[in-house]
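Chemist: The following block contains the structure, expressed as structure tokens.
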Amino acid sequence: MAWRALVRRGAGLLAVAAALGCAAAEEPALKAWGDKPTPPLATRTVDGRPVDLKDLRGRVVLVNFWATWCEPCKDELPSLVKLKEQLAGRPFELVTVNYGEFPDRINQYLARSGIRLPVFLD
């Protein structure tokens with residue numbers, strides 16, 4: 001349930017992240033999310049560390065859902081790496097959530113592809 005709400009809001013988060021990246025010289029102020037609470041997202045990283053989205057309060061957070069069997073998902077991962085690099089030092093966080101796979105499979109894919117991103121488990 002909460003995951004679906006995050007996915008629906010993902011397009012808006014992507015637009016905010018794009019605006020942050022395009023206006024790098026202007027340093028735009030963060031806008032409040034509004035009166036709706038952010039859906040909870042507490043899980044573990046692919047290496048077993050506990051994580052909670054609420055710990056990223058005050059930052060723009062882009063949540064991306066992906067899987068190793070999803071070709072379009074894999075195609076966009078390199079652009080997310082670039083976005084994360086471009087926004088380094090800014091109040092921006094990238095969270096990738098792998099959908100339904102075991103850590104071994106995810107780690108094998110990441111090692112083969114050379115992708116270095118924070119990966120949460122669903």
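For the structure tokens, the naming scheme is as follows: chains receive sequential letters (A, B, ...) according to their order of presentation, residues are indexed from 1 within each chain, and ligands are indexed from 1 in presentation order.
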Can you pull out the residues contacting Leu121 (chain A)? Cut-off 9 Å, using only C-alpha atoms, and skip same-chain residues under 6 positions away; I want them as a PyMOL selection string.
Modeler: chain A and resi 43-46+96-103
Chemist: Taking 3 positions as the minimum chain separation for residues in the same chain, which residues sit within 12 Å of Glu76 (chain A) when counting only C-alpha atoms? Answer as a ChimeraX atom specification.
Modeler: /A:64-68,70-73,79-83,96,115
Chemist: Convert the current residue selection to file output with all heavy atoms, as a CSV table (one decimal), in the first residue's frame.
Modeler:
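Once written, selection.csv looks like this:
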```csv
chain,number,residue,atom,x,y,z
A,64,ASN,N,13.6,5.3,-6.4
A,64,ASN,CA,13.5,4.6,-7.7
A,64,ASN,C,13.3,3.1,-7.4
A,64,ASN,O,14.1,2.5,-6.7
A,64,ASN,CB,14.8,4.8,-8.5
A,64,ASN,CG,14.8,4.0,-9.8
A,64,ASN,OD1,15.3,2.9,-9.8
A,64,ASN,ND2,14.3,4.6,-10.8
A,65,PHE,N,12.3,2.5,-8.0
A,65,PHE,CA,12.0,1.1,-7.9
A,65,PHE,C,12.6,0.3,-9.1
A,65,PHE,O,12.4,0.8,-10.2
A,65,PHE,CB,10.5,0.8,-7.8
A,65,PHE,CG,10.0,1.3,-6.5
A,65,PHE,CD1,9.6,2.7,-6.4
A,65,PHE,CD2,9.8,0.5,-5.4
A,65,PHE,CE1,9.1,3.2,-5.2
A,65,PHE,CE2,9.3,1.0,-4.2
A,65,PHE,CZ,8.9,2.4,-4.1
A,66,TRP,N,13.3,-0.8,-8.9
A,66,TRP,CA,13.9,-1.5,-10.0
A,66,TRP,C,14.1,-3.0,-9.7
A,66,TRP,O,13.9,-3.4,-8.6
A,66,TRP,CB,15.2,-0.8,-10.4
A,66,TRP,CG,16.3,-1.1,-9.3
A,66,TRP,CD1,16.4,-0.5,-8.1
A,66,TRP,CD2,17.3,-2.1,-9.4
A,66,TRP,NE1,17.5,-1.0,-7.4
A,66,TRP,CE2,18.1,-2.0,-8.2
A,66,TRP,CE3,17.7,-3.0,-10.3
A,66,TRP,CZ2,19.2,-2.8,-7.9
A,66,TRP,CZ3,18.8,-3.8,-10.0
A,66,TRP,CH2,19.5,-3.7,-8.8
A,67,ALA,N,14.4,-3.7,-10.7
A,67,ALA,CA,14.7,-5.1,-10.6
A,67,ALA,C,15.7,-5.5,-11.7
A,67,ALA,O,15.8,-4.9,-12.7
A,67,ALA,CB,13.5,-6.0,-10.7
A,68,THR,N,16.5,-6.6,-11.4
A,68,THR,CA,17.5,-7.0,-12.4
A,68,THR,C,16.8,-7.6,-13.6
A,68,THR,O,17.5,-7.6,-14.7
A,68,THR,CB,18.4,-8.0,-11.8
A,68,THR,OG1,17.7,-9.2,-11.4
A,68,THR,CG2,19.2,-7.5,-10.6
A,70,CYS,N,14.2,-6.3,-15.1
A,70,CYS,CA,13.5,-5.1,-15.8
A,70,CYS,C,14.5,-4.4,-16.6
A,70,CYS,O,15.3,-3.6,-16.1
A,70,CYS,CB,12.9,-4.3,-14.7
A,70,CYS,SG,12.2,-2.7,-15.4
A,71,GLU,N,14.5,-4.6,-18.0
A,71,GLU,CA,15.4,-3.9,-18.9
A,71,GLU,C,15.3,-2.4,-18.8
A,71,GLU,O,16.4,-1.7,-18.7
A,71,GLU,CB,15.2,-4.4,-20.3
A,71,GLU,CG,15.7,-5.8,-20.5
A,71,GLU,CD,17.2,-6.1,-20.1
A,71,GLU,OE1,18.0,-5.2,-20.4
A,71,GLU,OE2,17.4,-7.1,-19.5
A,72,PRO,N,14.1,-1.8,-18.8
A,72,PRO,CA,14.1,-0.3,-18.7
A,72,PRO,C,14.7,0.2,-17.4
A,72,PRO,O,15.3,1.2,-17.3
A,72,PRO,CB,12.6,0.1,-18.8
A,72,PRO,CG,12.0,-1.1,-19.6
A,72,PRO,CD,12.8,-2.3,-19.1
A,73,CYS,N,14.4,-0.6,-16.3
A,73,CYS,CA,15.0,-0.2,-15.0
A,73,CYS,C,16.5,-0.2,-15.1
A,73,CYS,O,17.1,0.7,-14.6
A,73,CYS,CB,14.5,-1.2,-13.9
A,73,CYS,SG,12.7,-1.3,-13.7
A,79,SER,N,22.0,6.7,-15.5
A,79,SER,CA,21.6,8.1,-15.4
A,79,SER,C,21.4,8.5,-14.0
A,79,SER,O,21.6,9.6,-13.6
A,79,SER,CB,20.4,8.4,-16.3
A,79,SER,OG,19.3,7.7,-15.8
A,80,LEU,N,20.9,7.6,-13.1
A,80,LEU,CA,20.7,7.9,-11.7
A,80,LEU,C,22.1,8.1,-11.0
A,80,LEU,O,22.2,8.9,-10.1
A,80,LEU,CB,19.9,6.8,-11.0
A,80,LEU,CG,18.4,6.7,-11.5
A,80,LEU,CD1,17.8,5.5,-10.9
A,80,LEU,CD2,17.7,8.0,-11.2
A,81,VAL,N,23.1,7.3,-11.4
A,81,VAL,CA,24.4,7.4,-10.9
A,81,VAL,C,24.9,8.8,-11.2
A,81,VAL,O,25.4,9.6,-10.4
A,81,VAL,CB,25.4,6.4,-11.4
A,81,VAL,CG1,26.8,6.7,-11.0
A,81,VAL,CG2,25.0,5.0,-10.9
A,82,LYS,N,24.7,9.3,-12.5
A,82,LYS,CA,25.2,10.6,-12.9
A,82,LYS,C,24.4,11.7,-12.1
A,82,LYS,O,25.0,12.7,-11.7
A,82,LYS,CB,25.0,10.8,-14.4
A,82,LYS,CG,25.9,10.0,-15.2
A,82,LYS,CD,25.7,10.2,-16.7
A,82,LYS,CE,26.6,9.3,-17.5
A,82,LYS,NZ,26.3,9.4,-19.0
A,83,LEU,N,23.1,11.5,-12.0
A,83,LEU,CA,22.4,12.5,-11.2
A,83,LEU,C,22.9,12.6,-9.8
A,83,LEU,O,23.1,13.8,-9.3
A,83,LEU,CB,20.9,12.2,-11.2
A,83,LEU,CG,20.0,13.1,-10.4
A,83,LEU,CD1,19.9,14.5,-11.0
A,83,LEU,CD2,18.5,12.5,-10.3
A,96,THR,N,17.3,3.7,-4.1
A,96,THR,CA,16.8,2.7,-5.1
A,96,THR,C,16.3,1.5,-4.3
A,96,THR,O,16.9,1.0,-3.3
A,96,THR,CB,17.9,2.2,-6.1
A,96,THR,OG1,18.9,1.5,-5.4
A,96,THR,CG2,18.5,3.4,-6.8
A,115,ILE,N,27.6,-0.7,-11.3
A,115,ILE,CA,26.7,0.3,-10.7
A,115,ILE,C,26.9,0.4,-9.2
A,115,ILE,O,27.0,-0.6,-8.5
A,115,ILE,CB,25.2,0.0,-11.0
A,115,ILE,CG1,24.9,-0.1,-12.5
A,115,ILE,CG2,24.3,0.9,-10.3
A,115,ILE,CD1,25.0,1.2,-13.2
```
Chemist: Which of these residues is nearest to Pro91 (chain A), using only C-alpha atoms: A:Gly48, A:Pro28, A:Pro40, A:Pro78?
Modeler: A:Pro28
Chemist: Extract the full set of strand (DSSP E or B) residues from region 45-96 of chain A according to DSSP on the backbone, and format it as a ChimeraX atom specification.
Modeler: /A:45,50-52,60-66,92-96
Chemist: Separation of CA of Lys84 (chain A) and CA of Leu117 (chain A), in Å?
Modeler: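 One can read the CA of Lys84 (chain A) to CA of Leu117 (chain A) distance as 8.7 Å.
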Chemist: I want to know what sits within 7 Å of Leu94 (chain A), based on only C-alpha atoms, with residues of the same chain fewer than 5 positions away left out; could you give that as a list of chain:residue names?
Modeler: A:Val61, A:Leu62, A:Val63, A:Lys84
Chemist: Smallest atom-to-atom distance to Tyr109 (chain A): which of A:Leu56, A:Ala29, A:Leu77, A:Leu41, using only C-alpha atoms?
Modeler: A:Leu77
Chemist: Which one of A:Arg59, A:Ser113, A:Asn107, A:Pro118 sits closest to Asp75 (chain A) if you count only C-alpha atoms?
Modeler: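 Using only C-alpha atoms, the shortest distance to Asp75 (chain A) belongs to A:Ser113.
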Chemist: Work out how far apart CA of Leu110 (chain A) and CA of Thr38 (chain A) are and give it in Å to one decimal.
Modeler: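 Answer for the CA of Leu110 (chain A) to CA of Thr38 (chain A) separation: 28.6 Å.
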Chemist: Between A:Glu93, A:Gln86, A:Gly114, A:Asp122, which is the closest to Asp55 (chain A) once you count only C-alpha atoms?
Modeler: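 Of A:Glu93, A:Gln86, A:Gly114, A:Asp122, the one nearest Asp55 (chain A) is A:Glu93, counting only C-alpha atoms.
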Chemist: Please determine, counting only C-alpha atoms, which residue among A:Pro39, A:Gly34, A:Pro50, A:Gly58 has the shortest atom-to-atom distance to Arg90 (chain A).
Modeler: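 Of A:Pro39, A:Gly34, A:Pro50, A:Gly58, the one nearest Arg90 (chain A) is A:Gly58, counting only C-alpha atoms.
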Chemist: DSSP on the backbone: what in region 38-93 of chain A comes out helix (DSSP H, G or I), as a list in words?
Modeler: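 Answer for region 38-93 of chain A restricted to helix (DSSP H, G or I) is Leu53, Lys54, Asp55, Leu56, Glu71, Pro72, Cys73, Lys74, Asp75, Glu76, Leu77, Pro78, Ser79, Leu80, Val81, Lys82, Leu83, Lys84, Glu85 and Gln86 of chain A.
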